[in-house]
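K.L.:
Have a look at this one before I ask anything.
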Amino acid sequence: MSIDLNDPDSFTHDAVRQMIAAARDGAHNQLRVGRDGRAWISSDAVGGVDIGGLLFRLETWAAGSGCVGPVAASDAVWVTQIFNALRDNWANPTTDYVDVY
């Protein structure tokens, strides 16, 4: 699942919640944002791997850390933190790596 940060109808708290819920907590994950404004959670490429074309990325969430999946998506504070990190850094991040903790 991805979110188009250019589209206010797509970029909502509920869409962020759904994206978090859809990710699998049993793998390392990283929220990534492409230069085109598409945000997604990757479990294939995390950390500093395959970062060409990214505008910014969040820290890698370790497998089993509880940062993704249905339980994480039910945490309104966490969902808001991720929403705010996306909102505050799209489209002019101060760095290509954003830490939300």
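If you're wondering about the labels, chains in the structure tokens are A, B, ... by order shown, residues count from 1 in each chain, ligands from 1 in order shown.
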With 10 Å as the cut-off and only C-alpha atoms counted, what is the closest atom pair between each nearby residue of range 16-36 of chain A and range 91-95 of chain A? Distances in Å to one decimal, ordered by chain and number, as JSON lines.
P.N.:
```
{"residue": "A:Val33", "atom": "CA", "partner": "A:Ala91", "partner_atom": "CA", "distance": 9.6}
{"residue": "A:Gly34", "atom": "CA", "partner": "A:Ala91", "partner_atom": "CA", "distance": 10.0}
{"residue": "A:Arg35", "atom": "CA", "partner": "A:Ala91", "partner_atom": "CA", "distance": 8.2}
{"residue": "A:Asp36", "atom": "CA", "partner": "A:Ala91", "partner_atom": "CA", "distance": 9.4}
```
K.L.:
I'd like to know which residues of chain A are alpha helix (DSSP H) (by DSSP, run on the backbone); could you write them as a list in words?
P.N.:
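Secondary structure check on chain A, alpha helix (DSSP H): His13, Asp14, Ala15, Val16, Arg17, Gln18, Met19, Ile20, Ala21, Ala22, Pro70, Val71, Ala72, Ala73, Ala76, Val77, Trp78, Val79, Thr80, Gln81, Ile82, Phe83, Asn84, Ala85, Leu86, Arg87, Asp88 and Asn89 of chain A.
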K.L.:
Restricting the calculation to only C-alpha atoms, which member of A:Asp4, A:Glu59, A:Asp75, A:Asp44 is positioned closest to Arg24 in chain A?
P.N.:
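Distance minimum relative to Arg24 in chain A lands on A:Asp44.
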K.L.:
Using only C-alpha atoms, can you tell me which of A:Ala63, A:Val71, A:Ala76, A:Ile82 comes closest to Asp25 in chain A?
P.N.:
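For Asp25 in chain A, the nearest of the given residues is A:Ala63.
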K.L.:
Counting only C-alpha atoms, which residue out of A:Val77, A:Cys67, A:Val100, A:Gly53 sits closest to Ala27 in chain A?
P.N.:
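Selected residue with least distance to Ala27 in chain A: A:Cys67.
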K.L.:
Please list as a VMD selection string every residue within 12 Å of Ala72 in chain A, counting only C-alpha atoms and excluding residues in the same chain fewer than 2 positions away.
P.N.:
chain A and resid 16 to 25 61 64 to 70 74 to 82
K.L.:
Nearest to Gly52 in chain A among A:Asp96, A:Thr12, A:Ala73, A:Ala39, with distances taken over only C-alpha atoms: which residue is it?
P.N.:
A:Asp96
K.L.:
Ranking A:Ile3, A:Leu31, A:Ala62, A:Ile41 by minimum distance to Ala85 in chain A and counting only C-alpha atoms, which one comes first?
P.N.:
A:Leu31
K.L.:
Neighbours of Phe11 in chain A within 10 Å (only C-alpha atoms; same-chain residues fewer than 3 positions away dropped), as a count of residues only?
P.N.:
15
K.L.:
Just to confirm, what's the straight-line distance from CA of Phe56 in chain A to CA of Asn89 in chain A in Å (one decimal)?
P.N.:
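According to the coordinates, CA of Phe56 in chain A and CA of Asn89 in chain A are separated by 8.0 Å.
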K.L.:
Return the single residue from A:Met1, A:Gly37, A:Trp90, A:Tyr97 that is closest to Arg57 in chain A, with distances computed using only C-alpha atoms.
P.N.:
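Ranked by minimum distance to Arg57 in chain A, first place goes to A:Tyr97.
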